[in-house]
$ cat upload-v7.cif   # mmCIF, C-alpha atoms and all ligand atoms
data_input
#
loop_
_atom_site.label_atom_id
_atom_site.label_comp_id
_atom_site.auth_asym_id
_atom_site.auth_seq_id
_atom_site.Cartn_x
_atom_site.Cartn_y
_atom_site.Cartn_z
CA MET A 23 0.00 0.00 0.00
CA ILE A 24 1.55 3.30 -1.12
CA ASP A 25 0.14 5.57 1.57
CA GLN A 26 0.56 3.06 4.40
CA LYS A 27 2.15 4.90 7.33
CA ARG A 28 4.83 3.36 9.55
CA ILE A 29 3.91 4.25 13.11
CA LEU A 30 5.82 3.71 16.36
CA VAL A 31 3.76 3.40 19.55
CA THR A 32 5.86 3.41 22.72
CA GLY A 33 3.99 1.87 25.65
CA GLY A 34 1.90 0.02 23.07
CA ALA A 35 1.30 -3.03 25.29
CA GLY A 36 -0.30 -0.92 28.01
CA PHE A 37 -3.92 0.05 28.50
CA ILE A 38 -4.17 3.07 26.18
CA GLY A 39 -1.36 1.92 23.87
CA SER A 40 -3.01 -1.40 23.05
CA HIS A 41 -6.25 0.32 22.01
CA LEU A 42 -4.28 2.82 19.94
CA CYS A 43 -2.33 0.04 18.18
CA SER A 44 -5.61 -1.75 17.38
CA LYS A 45 -7.10 1.37 15.80
CA LEU A 46 -3.95 2.12 13.78
CA ILE A 47 -3.83 -1.49 12.53
CA ARG A 48 -7.56 -1.41 11.66
CA GLU A 49 -6.83 1.68 9.54
CA GLY A 50 -4.21 -0.27 7.56
CA ASN A 51 -1.02 1.20 9.02
CA ASP A 52 2.25 -0.57 9.73
CA VAL A 53 2.68 -0.46 13.50
CA LEU A 54 5.74 -1.04 15.68
CA CYS A 55 4.91 -1.40 19.36
CA VAL A 56 7.86 -0.74 21.67
CA ASP A 57 7.33 -1.67 25.31
CA ASN A 58 9.47 -3.05 28.15
CA LEU A 59 6.38 -4.63 29.80
CA TYR A 60 6.92 -2.69 33.03
CA THR A 61 3.15 -2.35 33.46
CA GLY A 62 2.01 -3.53 30.03
CA ARG A 63 1.05 -7.09 29.15
CA LYS A 64 1.61 -9.24 26.09
CA LYS A 65 -1.99 -10.37 26.49
CA ASN A 66 -3.12 -6.86 25.50
CA ILE A 67 -1.47 -7.29 22.08
CA SER A 68 -1.80 -11.05 21.55
CA GLU A 69 -4.51 -10.68 18.88
CA LEU A 70 -2.55 -7.91 17.13
CA LEU A 71 0.54 -10.13 16.89
CA LYS A 72 -1.33 -12.27 14.36
CA ASN A 73 -1.43 -9.31 11.97
CA VAL A 74 1.41 -9.03 9.47
CA ASN A 75 1.41 -5.23 9.81
CA PHE A 76 2.06 -5.38 13.56
CA GLU A 77 5.47 -5.84 15.20
CA TYR A 78 6.47 -5.86 18.86
CA LEU A 79 9.90 -4.94 20.25
CA ARG A 80 10.79 -5.33 23.93
CA HIS A 81 12.82 -2.21 24.65
CA ASP A 82 13.19 0.42 27.38
CA ILE A 83 12.93 3.90 25.83
CA THR A 84 15.35 5.37 28.36
CA PHE A 85 17.91 3.80 25.98
CA PRO A 86 18.35 5.09 22.41
CA LEU A 87 16.33 3.55 19.62
CA PHE A 88 17.31 3.65 15.96
CA ILE A 89 14.45 2.82 13.60
CA GLU A 90 12.65 4.45 10.65
CA VAL A 91 8.98 5.48 10.92
CA ASP A 92 6.68 8.30 9.80
CA GLU A 93 4.91 9.00 13.10
CA ILE A 94 5.62 8.40 16.78
CA TYR A 95 3.11 8.15 19.64
CA ASN A 96 5.06 8.39 22.91
CA LEU A 97 2.97 6.71 25.61
CA ALA A 98 5.61 4.75 27.53
CA CYS A 99 5.33 5.54 31.24
CA PRO A 100 3.62 3.80 34.16
CA ALA A 101 0.40 5.75 34.74
CA SER A 102 -1.11 4.59 38.02
CA PRO A 103 0.13 6.12 41.29
CA ILE A 104 1.15 2.75 42.82
CA HIS A 105 3.16 1.82 39.74
CA TYR A 106 4.85 5.13 39.09
CA GLN A 107 5.71 5.50 42.79
CA ASN A 108 7.17 1.97 42.94
CA ASP A 109 10.37 3.13 41.20
CA PRO A 110 10.16 6.93 41.14
CA VAL A 111 13.65 7.45 39.70
CA GLN A 112 12.78 5.22 36.74
CA THR A 113 9.53 7.19 36.32
CA THR A 114 11.46 10.44 35.96
CA LYS A 115 13.93 8.69 33.64
CA VAL A 116 11.22 7.38 31.33
CA ASN A 117 9.59 10.80 31.17
CA VAL A 118 12.80 12.78 30.64
CA HIS A 119 15.44 10.45 29.11
CA GLY A 120 12.70 8.60 27.27
CA ALA A 121 11.30 11.83 25.82
CA ILE A 122 14.79 13.01 24.79
CA ASN A 123 15.42 9.74 22.98
CA MET A 124 12.07 9.79 21.19
CA LEU A 125 12.52 13.47 20.28
CA GLY A 126 16.05 12.77 19.05
CA LEU A 127 14.65 9.95 16.94
CA ALA A 128 11.84 12.19 15.59
CA LYS A 129 14.41 14.88 14.77
CA ARG A 130 16.70 12.49 12.85
CA ILE A 131 13.94 10.85 10.81
CA LYS A 132 11.72 13.97 10.55
CA ALA A 133 8.72 12.17 12.08
CA LYS A 134 5.67 13.76 13.63
CA ILE A 135 5.59 13.02 17.37
CA PHE A 136 2.74 12.81 19.89
CA GLN A 137 3.21 13.03 23.65
CA ALA A 138 0.81 11.50 26.16
CA SER A 139 0.88 14.22 28.79
CA THR A 140 -1.52 14.34 31.69
CA SER A 141 -3.91 16.36 33.81
CA GLU A 142 -1.32 15.79 36.58
CA VAL A 143 0.63 18.72 35.11
CA TYR A 144 -2.02 20.84 36.90
CA GLY A 145 -1.18 19.14 40.24
CA ASP A 146 -3.78 19.84 42.94
CA PRO A 147 -5.52 22.55 40.91
CA THR A 148 -6.69 25.81 42.42
CA VAL A 149 -8.51 26.70 39.19
CA HIS A 150 -11.59 24.71 38.22
CA PRO A 151 -12.25 23.41 35.60
CA GLN A 152 -8.70 23.26 34.25
CA LEU A 153 -7.88 25.20 31.09
CA GLU A 154 -4.67 24.67 29.11
CA SER A 155 -3.50 28.17 30.10
CA TYR A 156 -3.51 27.27 33.83
CA ALA A 157 0.11 26.75 34.97
CA GLY A 158 -0.80 24.33 37.75
CA ASN A 159 -0.14 23.79 41.46
CA VAL A 160 2.50 21.07 41.64
CA ASN A 161 4.64 19.94 44.57
CA CYS A 162 8.15 19.24 43.24
CA ILE A 163 9.30 17.05 46.16
CA GLY A 164 6.28 14.86 46.98
CA PRO A 165 5.49 11.23 46.12
CA ARG A 166 3.62 12.22 42.92
CA SER A 167 6.39 14.57 41.74
CA CYS A 168 8.32 11.95 39.73
CA TYR A 169 5.28 11.64 37.49
CA ASP A 170 3.98 15.23 37.60
CA GLU A 171 7.33 16.97 37.19
CA GLY A 172 8.54 14.27 34.79
CA LYS A 173 5.54 14.91 32.53
CA ARG A 174 5.98 18.69 32.87
CA CYS A 175 9.63 18.40 31.86
CA ALA A 176 8.63 16.20 28.92
CA GLU A 177 6.28 18.98 27.75
CA THR A 178 9.16 21.48 28.08
CA LEU A 179 11.35 19.21 25.96
CA PHE A 180 8.67 18.84 23.29
CA PHE A 181 8.24 22.60 22.97
CA ASP A 182 12.02 23.22 23.02
CA TYR A 183 12.60 20.63 20.29
CA ARG A 184 9.94 22.42 18.27
CA ARG A 185 11.45 25.88 18.87
CA GLN A 186 15.04 24.71 18.38
CA HIS A 187 14.66 22.06 15.70
CA GLY A 188 11.24 22.72 14.12
CA LEU A 189 9.71 19.37 15.12
CA ASN A 190 6.05 18.65 14.35
CA ILE A 191 4.74 17.97 17.87
CA LYS A 192 1.31 17.12 19.32
CA VAL A 193 0.87 17.28 23.10
CA ALA A 194 -2.32 15.95 24.70
CA ARG A 195 -3.10 16.39 28.40
CA ILE A 196 -5.06 13.23 29.10
CA PHE A 197 -7.55 13.20 32.00
CA ASN A 198 -8.56 10.01 33.87
CA THR A 199 -9.35 7.35 31.28
CA TYR A 200 -10.75 3.87 31.87
CA GLY A 201 -11.88 0.79 29.99
CA PRO A 202 -10.94 -2.77 29.00
CA ASN A 203 -7.21 -3.72 29.07
CA MET A 204 -6.54 -1.77 32.28
CA HIS A 205 -4.22 -3.84 34.44
CA PRO A 206 -6.25 -5.63 37.14
CA ASN A 207 -3.62 -4.71 39.76
CA ASP A 208 -3.25 -1.23 38.44
CA GLY A 209 -4.50 0.38 41.64
CA ARG A 210 -6.49 3.02 39.80
CA VAL A 211 -9.88 3.83 41.15
CA VAL A 212 -12.10 2.41 38.39
CA SER A 213 -10.31 -0.96 38.18
CA ASN A 214 -9.99 -1.22 41.98
CA PHE A 215 -13.68 -0.54 42.62
CA ILE A 216 -14.91 -2.88 39.86
CA ILE A 217 -12.72 -5.77 41.01
CA GLN A 218 -13.62 -5.20 44.66
CA ALA A 219 -17.32 -5.08 43.76
CA LEU A 220 -17.17 -8.20 41.60
CA LYS A 221 -15.31 -10.13 44.30
CA GLY A 222 -17.61 -8.87 47.06
CA MET A 223 -14.63 -7.29 48.81
CA PRO A 224 -14.82 -3.94 50.64
CA ILE A 225 -14.62 -0.92 48.35
CA THR A 226 -11.65 1.18 49.44
CA ILE A 227 -12.39 4.90 49.48
CA TYR A 228 -9.34 7.03 50.14
CA GLY A 229 -10.20 10.06 52.29
CA ASP A 230 -13.89 10.87 52.64
CA GLY A 231 -14.61 10.28 48.94
CA SER A 232 -15.57 13.91 48.29
CA GLN A 233 -12.64 14.42 45.87
CA THR A 234 -13.68 14.52 42.23
CA ARG A 235 -12.47 13.09 38.93
CA SER A 236 -13.90 13.21 35.40
CA PHE A 237 -13.78 9.85 33.66
CA CYS A 238 -13.28 9.39 29.93
CA TYR A 239 -14.00 6.07 28.22
CA ILE A 240 -11.07 4.71 26.20
CA ASP A 241 -12.77 4.81 22.76
CA ASP A 242 -13.48 8.54 23.10
CA LEU A 243 -9.85 9.18 24.09
CA ILE A 244 -8.41 7.17 21.19
CA GLU A 245 -10.58 9.05 18.72
CA ALA A 246 -9.34 12.38 20.07
CA ILE A 247 -5.65 11.56 20.08
CA THR A 248 -5.71 10.24 16.51
CA LEU A 249 -7.62 13.35 15.42
CA LEU A 250 -4.99 15.52 17.14
CA MET A 251 -2.21 13.62 15.37
CA ALA A 252 -3.89 14.40 12.01
CA THR A 253 -4.03 18.18 12.58
CA PRO A 254 -1.83 20.59 10.59
CA ASN A 255 1.71 21.42 11.73
CA ASP A 256 0.67 24.64 13.52
CA VAL A 257 -1.56 22.70 15.97
CA THR A 258 0.73 21.59 18.79
CA GLY A 259 -1.40 21.61 21.93
CA PRO A 260 -1.09 21.27 24.82
CA MET A 261 -4.69 20.14 24.48
CA ASN A 262 -6.91 18.78 27.24
CA ILE A 263 -8.51 15.47 26.29
CA GLY A 264 -11.07 14.03 28.65
CA ASN A 265 -14.71 13.85 29.60
CA PRO A 266 -15.94 16.90 31.53
CA ASP A 267 -18.64 14.94 33.42
CA GLU A 268 -17.37 15.19 37.00
CA PHE A 269 -18.09 12.75 39.83
CA GLN A 270 -17.18 12.43 43.49
CA ILE A 271 -15.28 9.23 44.24
CA LEU A 272 -18.03 8.20 46.65
CA GLU A 273 -20.55 8.58 43.83
CA LEU A 274 -18.37 6.40 41.56
CA ALA A 275 -18.37 3.69 44.24
CA GLU A 276 -22.17 3.85 44.43
CA ARG A 277 -22.55 3.61 40.64
CA ILE A 278 -20.23 0.60 40.43
CA THR A 279 -21.94 -1.18 43.33
CA GLU A 280 -25.28 -0.63 41.64
CA LEU A 281 -24.17 -1.76 38.17
CA THR A 282 -22.48 -4.91 39.46
CA GLY A 283 -25.31 -5.69 41.87
CA SER A 284 -22.60 -6.08 44.50
CA ARG A 285 -23.15 -6.29 48.25
CA SER A 286 -19.68 -4.92 48.98
CA GLU A 287 -19.49 -2.39 51.76
CA VAL A 288 -17.49 0.80 51.61
CA VAL A 289 -14.40 1.27 53.80
CA PHE A 290 -12.53 4.52 54.31
CA GLN A 291 -8.73 4.61 54.16
CA PRO A 292 -6.27 7.51 54.49
CA LEU A 293 -6.04 9.92 51.56
CA PRO A 294 -2.60 9.68 49.89
CA MET A 295 -0.38 12.78 50.06
CA ASP A 296 -0.94 15.43 47.36
CA ASP A 297 -4.06 13.63 46.06
CA PRO A 298 -5.84 16.26 43.92
CA LYS A 299 -9.16 17.39 45.44
CA GLN A 300 -10.91 18.18 42.19
CA ARG A 301 -10.33 17.62 38.50
CA ARG A 302 -12.37 18.42 35.42
CA PRO A 303 -11.09 19.31 31.96
CA ASP A 304 -12.18 22.36 30.04
CA ILE A 305 -12.26 20.81 26.55
CA THR A 306 -13.22 23.93 24.56
CA LEU A 307 -9.93 23.79 22.63
CA ALA A 308 -10.40 20.13 21.64
CA ARG A 309 -14.05 20.73 20.71
CA GLN A 310 -13.12 23.64 18.47
CA THR A 311 -9.92 22.26 16.93
CA LEU A 312 -10.86 18.60 16.51
CA ASN A 313 -14.61 18.98 16.28
CA TRP A 314 -14.64 16.26 18.93
CA GLN A 315 -16.40 15.59 22.18
CA PRO A 316 -16.78 12.44 24.25
CA LYS A 317 -19.85 10.39 23.39
CA ILE A 318 -19.79 7.63 25.98
CA LYS A 319 -21.51 8.32 29.28
CA LEU A 320 -20.13 6.92 32.53
CA LYS A 321 -22.86 4.26 32.84
CA GLU A 322 -22.21 2.83 29.38
CA GLY A 323 -18.44 2.91 29.80
CA LEU A 324 -18.62 1.28 33.22
CA GLU A 325 -20.87 -1.49 31.88
CA LYS A 326 -18.31 -2.36 29.19
CA THR A 327 -15.45 -2.23 31.69
CA ILE A 328 -17.32 -4.37 34.23
CA GLN A 329 -17.94 -6.92 31.47
CA TYR A 330 -14.21 -6.99 30.71
CA PHE A 331 -13.16 -7.53 34.34
CA ASP A 332 -15.94 -10.07 34.88
CA ASN A 333 -14.56 -12.15 31.97
CA LEU A 334 -11.01 -11.70 33.22
CA LEU A 335 -11.88 -12.88 36.74
CA SER A 336 -13.74 -15.93 35.44
CA ARG A 337 -10.90 -16.82 33.05
CA PRO A 338 -7.65 -15.66 34.74
CA GLY A 339 -4.23 -16.14 33.17
P1 LIG B 401 -0.08 1.69 31.30
O1 LIG B 401 0.75 1.57 32.51
O2 LIG B 401 -1.14 0.67 31.05
O3 LIG B 401 0.82 1.76 29.99
C1 LIG B 401 2.12 2.29 29.97
C2 LIG B 401 2.97 1.38 29.11
O4 LIG B 401 4.30 1.91 29.04
C3 LIG B 401 3.08 -0.04 29.67
O5 LIG B 401 2.82 -0.98 28.67
C4 LIG B 401 4.52 -0.12 30.16
O6 LIG B 401 5.04 -1.42 30.15
C5 LIG B 401 5.20 0.82 29.19
N1 LIG B 401 6.47 1.36 29.69
C6 LIG B 401 6.73 1.89 30.90
N2 LIG B 401 8.01 2.27 30.99
C7 LIG B 401 8.58 1.98 29.78
C8 LIG B 401 9.88 2.14 29.26
N3 LIG B 401 10.87 2.68 29.99
N4 LIG B 401 10.14 1.74 27.98
C9 LIG B 401 9.15 1.17 27.23
N5 LIG B 401 7.89 0.99 27.69
C10 LIG B 401 7.61 1.39 28.95
O7 LIG B 401 -0.73 3.15 31.35
P2 LIG B 401 -1.78 3.87 30.39
O8 LIG B 401 -2.93 4.23 31.22
O9 LIG B 401 -1.96 3.09 29.16
O10 LIG B 401 -1.00 5.21 30.06
C11 LIG B 401 -0.35 5.43 28.82
C12 LIG B 401 0.17 6.85 28.78
O11 LIG B 401 -0.90 7.77 28.93
C13 LIG B 401 1.18 7.16 29.89
O12 LIG B 401 2.19 7.97 29.37
C14 LIG B 401 0.35 7.92 30.88
O13 LIG B 401 1.14 8.79 31.64
C15 LIG B 401 -0.64 8.65 30.00
N6 LIG B 401 -1.87 9.00 30.72
C16 LIG B 401 -2.77 8.05 31.06
C17 LIG B 401 -3.91 8.41 31.76
C18 LIG B 401 -4.97 7.42 32.14
O14 LIG B 401 -5.96 7.81 32.78
N7 LIG B 401 -4.89 6.18 31.78
C19 LIG B 401 -4.11 9.75 32.13
C20 LIG B 401 -3.14 10.68 31.78
C21 LIG B 401 -2.03 10.30 31.06
N1 LIG B 402 18.39 9.19 19.55
C1 LIG B 402 17.76 7.97 19.37
N2 LIG B 402 17.47 7.58 18.09
C2 LIG B 402 17.78 8.33 17.00
C3 LIG B 402 18.39 9.57 17.21
C4 LIG B 402 18.68 9.98 18.50
O1 LIG B 402 17.46 7.26 20.31
O2 LIG B 402 17.46 7.89 15.89
C5 LIG B 402 18.71 9.62 20.90
C6 LIG B 402 20.19 9.86 21.05
O3 LIG B 402 20.73 8.77 21.75
C7 LIG B 402 20.31 11.13 21.81
C8 LIG B 402 18.89 11.64 21.99
O4 LIG B 402 18.08 10.86 21.13
O5 LIG B 402 20.82 10.92 23.10
C9 LIG B 402 18.73 13.09 21.64
O6 LIG B 402 19.12 13.28 20.30
P1 LIG B 402 19.54 14.71 19.78
O7 LIG B 402 19.94 14.55 18.35
O8 LIG B 402 18.51 15.71 20.09
O9 LIG B 402 20.77 15.09 20.70
P2 LIG B 402 22.27 14.64 20.71
O10 LIG B 402 22.42 13.38 19.89
O11 LIG B 402 22.98 15.78 20.09
O12 LIG B 402 22.56 14.44 22.15
N1 LIG B 403 -8.98 6.15 45.02
C1 LIG B 403 -9.79 5.59 45.97
N2 LIG B 403 -9.72 4.23 46.15
C2 LIG B 403 -8.93 3.43 45.40
C3 LIG B 403 -8.12 4.01 44.40
C4 LIG B 403 -8.17 5.38 44.25
O1 LIG B 403 -10.54 6.28 46.67
O2 LIG B 403 -8.96 2.20 45.61
C5 LIG B 403 -9.05 7.62 44.81
C6 LIG B 403 -7.70 8.33 44.79
O3 LIG B 403 -7.32 8.68 46.10
C7 LIG B 403 -8.01 9.53 43.92
C8 LIG B 403 -9.04 9.02 42.93
O4 LIG B 403 -9.61 7.85 43.53
O5 LIG B 403 -8.59 10.56 44.69
C9 LIG B 403 -8.46 8.67 41.57
O6 LIG B 403 -7.36 7.81 41.78
P1 LIG B 403 -6.52 7.14 40.60
O7 LIG B 403 -5.36 6.46 41.23
O8 LIG B 403 -7.43 6.35 39.74
O9 LIG B 403 -6.06 8.36 39.68
P2 LIG B 403 -5.42 9.81 39.97
O10 LIG B 403 -5.36 10.08 41.44
O11 LIG B 403 -4.07 9.73 39.35
O12 LIG B 403 -6.37 10.72 39.30
#

$ encode --input "upload-v7.cif" --output "structure tokens"
Amino acid sequence: MIDQKRILVTGGAGFIGSHLCSKLIREGNDVLCVDNLYTGRKKNISELLKNVNFEYLRHDITFPLFIEVDEIYNLACPASPIHYQNDPVQTTKVNVHGAINMLGLAKRIKAKIFQASTSEVYGDPTVHPQLESYAGNVNCIGPRSCYDEGKRCAETLFFDYRRQHGLNIKVARIFNTYGPNMHPNDGRVVSNFIIQALKGMPITIYGDGSQTRSFCYIDDLIEAITLLMATPNDVTGPMNIGNPDEFQILELAERITELTGSRSEVVFQPLPMDDPKQRRPDITLARQTLNWQPKIKLKEGLEKTIQYFDNLLSRPG
């Protein structure tokens, strides 16, 4: 195929990466998934491996990578607090050294490059909802800093490579996303609550559950990031991508209990340090630039995710 694109997805065996690889393969592209399986799983890409246009390379992006592609999606980085705090120095390395390597690669081969940034660049926000122009409220020495400051530095690198070397960059600030292929031991709130509810175990609410998050279903996110990648060179972001429907964590627990028909009780545990109190994206920029908005409501997204974990628990391995 003449216009078949060669696309690198770092972190392609993870939750978001595996969905992105599937979409890119469905569209007829040639996809190279690079992942060191730190939090990703081969299972997430086992079906894709049957496709002749899909390749997998086990590699840690903190080390240089010499390949030839047309586009790069840089997603490699553990995303859940328990995983990124497990080896915080490695988390900073993947965000900073990893970004430098992928930007150096993009520079050499003149490839367009996407960065999976995060709402965590806003820290514990004092402005609500969060707009791209808000500079954030981030602690630089706390347990979340390896991720928050790492991702902030990665954004700095992306914009400096653009200013200094003219790179075609696309930076998305992704807000809490959920769906099938999340790691069951990921520790994130949606997967934790669903698994606890399905197993009839207590649902662990950190703090009093009044903190808020806005949850985006994976299919909506994937649509937005591929649309962003297809924008003209002058569209760089940073661009918020997420679902602005905001829920208290306690409310999320109630919804999941209801949808699973679970009899799990709720238990309250200490709130982790620097846990953001509120979070909701202002997605005006994405709406206007991409003509995009999330379509999948929390109930529908949770039902699909519950189905996934239900299957996983009945057929482990
Ligand atoms: P994930 O943990 O499921 O996926 C991350 C992937 O990166 C894993 O497959 C992991 O093995 C791989 N990886 C980690 N370190 C690596 C390294 N040094 N070299 C190569 N591969 C490495 O997480 P996810 O939810 O799919 O997140 C993907 C990206 O999106 C991350 O960059 C994350 O920061 C960002 N993000 C996710 C969310 C969310 O809600 N899921 C929100 C904001 C930003
Ligand atoms: N790099 C890479 N693959 C390439 C080109 C570069 O992994 O195809 C890495 C390289 O190891 C370097 C980094 O990207 O450390 C940054 O490259 P850049 O050209 O910006 O800087 P320099 O090579 O001058 O340090
Ligand atoms: N949370 C919770 N119970 C859990 C896991 C998470 O109450 O079992 C809370 C957590 O303290 C935070 C919110 O849910 O306030 C979202 O947590 P998650 O780790 O999913 O994402 P992040 O904090 O990075 O947005």

$ closest_atom_pairs --input "upload-v7.cif" --of "chain A" --to "ligand LIG 402 (chain B)" --cutoff "10 Å" --atoms "all atoms listed in the file" --output "JSON lines"
{"residue": "A:Ile83", "atom": "CA", "partner": "B:LIG402", "partner_atom": "O1", "distance": 7.9}
{"residue": "A:Thr84", "atom": "CA", "partner": "B:LIG402", "partner_atom": "O1", "distance": 8.5}
{"residue": "A:Phe85", "atom": "CA", "partner": "B:LIG402", "partner_atom": "O1", "distance": 6.7}
{"residue": "A:Pro86", "atom": "CA", "partner": "B:LIG402", "partner_atom": "O1", "distance": 3.1}
{"residue": "A:Leu87", "atom": "CA", "partner": "B:LIG402", "partner_atom": "O1", "distance": 3.9}
{"residue": "A:Phe88", "atom": "CA", "partner": "B:LIG402", "partner_atom": "O2", "distance": 4.2}
{"residue": "A:Ile89", "atom": "CA", "partner": "B:LIG402", "partner_atom": "O2", "distance": 6.3}
{"residue": "A:Glu90", "atom": "CA", "partner": "B:LIG402", "partner_atom": "O2", "distance": 7.9}
{"residue": "A:His119", "atom": "CA", "partner": "B:LIG402", "partner_atom": "C8", "distance": 8.0}
{"residue": "A:Gly120", "atom": "CA", "partner": "B:LIG402", "partner_atom": "O4", "distance": 8.5}
{"residue": "A:Ala121", "atom": "CA", "partner": "B:LIG402", "partner_atom": "O4", "distance": 8.3}
{"residue": "A:Ile122", "atom": "CA", "partner": "B:LIG402", "partner_atom": "C9", "distance": 5.0}
{"residue": "A:Asn123", "atom": "CA", "partner": "B:LIG402", "partner_atom": "O4", "distance": 3.4}
{"residue": "A:Met124", "atom": "CA", "partner": "B:LIG402", "partner_atom": "O1", "distance": 6.0}
{"residue": "A:Leu125", "atom": "CA", "partner": "B:LIG402", "partner_atom": "O4", "distance": 6.2}
{"residue": "A:Gly126", "atom": "CA", "partner": "B:LIG402", "partner_atom": "O6", "distance": 3.4}
{"residue": "A:Leu127", "atom": "CA", "partner": "B:LIG402", "partner_atom": "C2", "distance": 3.5}
{"residue": "A:Ala128", "atom": "CA", "partner": "B:LIG402", "partner_atom": "O2", "distance": 7.1}
{"residue": "A:Lys129", "atom": "CA", "partner": "B:LIG402", "partner_atom": "O7", "distance": 6.6}
{"residue": "A:Arg130", "atom": "CA", "partner": "B:LIG402", "partner_atom": "C3", "distance": 5.5}
{"residue": "A:Ile131", "atom": "CA", "partner": "B:LIG402", "partner_atom": "O2", "distance": 6.9}
{"residue": "A:Lys132", "atom": "CA", "partner": "B:LIG402", "partner_atom": "O2", "distance": 9.9}
{"residue": "A:Leu179", "atom": "CA", "partner": "B:LIG402", "partner_atom": "O8", "distance": 9.9}
{"residue": "A:Tyr183", "atom": "CA", "partner": "B:LIG402", "partner_atom": "O8", "distance": 7.7}
{"residue": "A:Gln186", "atom": "CA", "partner": "B:LIG402", "partner_atom": "O8", "distance": 9.8}
{"residue": "A:His187", "atom": "CA", "partner": "B:LIG402", "partner_atom": "O8", "distance": 8.6}

$ closest_atom_pairs --input "upload-v7.cif" --of "chain A" --to "ligand LIG 401 (chain B)" --cutoff "7 Å" --atoms "only C-alpha atoms and all ligand atoms" --output "Markdown table"
| residue | atom | partner | partner_atom | distance |
| --- | --- | --- | --- | --- |
| A:Thr32 | CA | B:LIG401 | N5 | 5.9 |
| A:Gly33 | CA | B:LIG401 | O4 | 3.4 |
| A:Gly34 | CA | B:LIG401 | O5 | 5.8 |
| A:Ala35 | CA | B:LIG401 | O5 | 4.2 |
| A:Gly36 | CA | B:LIG401 | O5 | 3.2 |
| A:Phe37 | CA | B:LIG401 | O9 | 3.7 |
| A:Ile38 | CA | B:LIG401 | O9 | 3.7 |
| A:Gly39 | CA | B:LIG401 | O9 | 5.5 |
| A:Val56 | CA | B:LIG401 | C9 | 6.0 |
| A:Asp57 | CA | B:LIG401 | N5 | 3.6 |
| A:Asn58 | CA | B:LIG401 | C9 | 4.3 |
| A:Leu59 | CA | B:LIG401 | O6 | 3.5 |
| A:Tyr60 | CA | B:LIG401 | O6 | 3.7 |
| A:Thr61 | CA | B:LIG401 | O6 | 3.9 |
| A:Gly62 | CA | B:LIG401 | O5 | 3.0 |
| A:Arg63 | CA | B:LIG401 | O5 | 6.4 |
| A:His81 | CA | B:LIG401 | C9 | 5.6 |
| A:Asp82 | CA | B:LIG401 | N4 | 3.4 |
| A:Ile83 | CA | B:LIG401 | N4 | 4.1 |
| A:Thr84 | CA | B:LIG401 | N3 | 5.5 |
| A:Leu97 | CA | B:LIG401 | O12 | 4.0 |
| A:Ala98 | CA | B:LIG401 | O4 | 3.5 |
| A:Cys99 | CA | B:LIG401 | C6 | 3.9 |
| A:Pro100 | CA | B:LIG401 | O1 | 4.0 |
| A:Ala101 | CA | B:LIG401 | O13 | 4.4 |
| A:Ser102 | CA | B:LIG401 | O1 | 6.6 |
| A:Val116 | CA | B:LIG401 | N3 | 4.9 |
| A:Gly120 | CA | B:LIG401 | N3 | 6.8 |
| A:Ala138 | CA | B:LIG401 | O11 | 5.0 |
| A:Ser139 | CA | B:LIG401 | C21 | 5.4 |
| A:Thr140 | CA | B:LIG401 | C20 | 4.0 |
| A:Ser141 | CA | B:LIG401 | C20 | 6.1 |
| A:Arg195 | CA | B:LIG401 | C20 | 6.6 |
| A:Ile196 | CA | B:LIG401 | C20 | 4.2 |
| A:Phe197 | CA | B:LIG401 | C19 | 4.9 |
| A:Asn198 | CA | B:LIG401 | O14 | 3.6 |
| A:Thr199 | CA | B:LIG401 | O14 | 3.7 |
| A:Tyr200 | CA | B:LIG401 | O14 | 6.3 |
| A:Met204 | CA | B:LIG401 | O2 | 6.1 |
| A:His205 | CA | B:LIG401 | O2 | 6.4 |

$ residues_near_ligand --input "upload-v7.cif" --ligand "ligand LIG 403 (chain B)" --cutoff "6 Å" --atoms "all atoms listed in the file" --output "list in words"
Ser102, Pro103, Asn198, Gly209, Arg210, Val211, Asn214, Thr226, Ile227, Tyr228, Gln233, Ile271, Leu293 and Asp297 of chain A

$ atom_distance --input "upload-v7.cif" --atom1 "atom CA of Glu93 of chain A" --atom2 "atom CA of Leu70 of chain A"
18.9 Å

$ residues_around --input "upload-v7.cif" --residues "segment 47-51 of chain A" --least-positions-apart "3" --cutoff "10 Å" --atoms "all atoms listed in the file" --output "list of chain:residue names"
A:Met23, A:Asp25, A:Gln26, A:Lys27, A:Arg28, A:Ile29, A:His41, A:Leu42, A:Cys43, A:Ser44, A:Leu54, A:Leu70, A:Asn73, A:Val74, A:Asn75, A:Phe76

$ atom_distance --input "upload-v7.cif" --atom1 "atom CA of Val289 of chain A" --atom2 "atom CA of Ile225 of chain A"
5.9 Å

$ atom_distance --input "upload-v7.cif" --atom1 "atom CA of Arg174 of chain A" --atom2 "atom CA of Pro254 of chain A"
23.7 Å

$ closest_residue --input "upload-v7.cif" --among "A:Tyr106, A:Phe331, A:Tyr169, A:Phe180" --to "Gln137 of chain A" --atoms "only C-alpha atoms"
A:Phe180

$ closest_residue --input "upload-v7.cif" --among "A:Met261, A:Ala252, A:Ile104, A:Ile191" --to "Gln310 of chain A" --atoms "all atoms listed in the file"
A:Met261

$ closest_residue --input "upload-v7.cif" --among "A:Asp304, A:Asp296, A:Glu154, A:Glu276" --to "Gly231 of chain A" --atoms "all atoms listed in the file"
A:Glu276

$ residues_around --input "upload-v7.cif" --residues "Cys162 of chain A" --least-positions-apart "6" --cutoff "12 Å" --atoms "all atoms listed in the file" --output "list in words"
Thr114, Val143, Gly145, Asp146, Cys168, Tyr169, Asp170, Glu171, Gly172, Lys173, Arg174, Cys175 and Asp296 of chain A
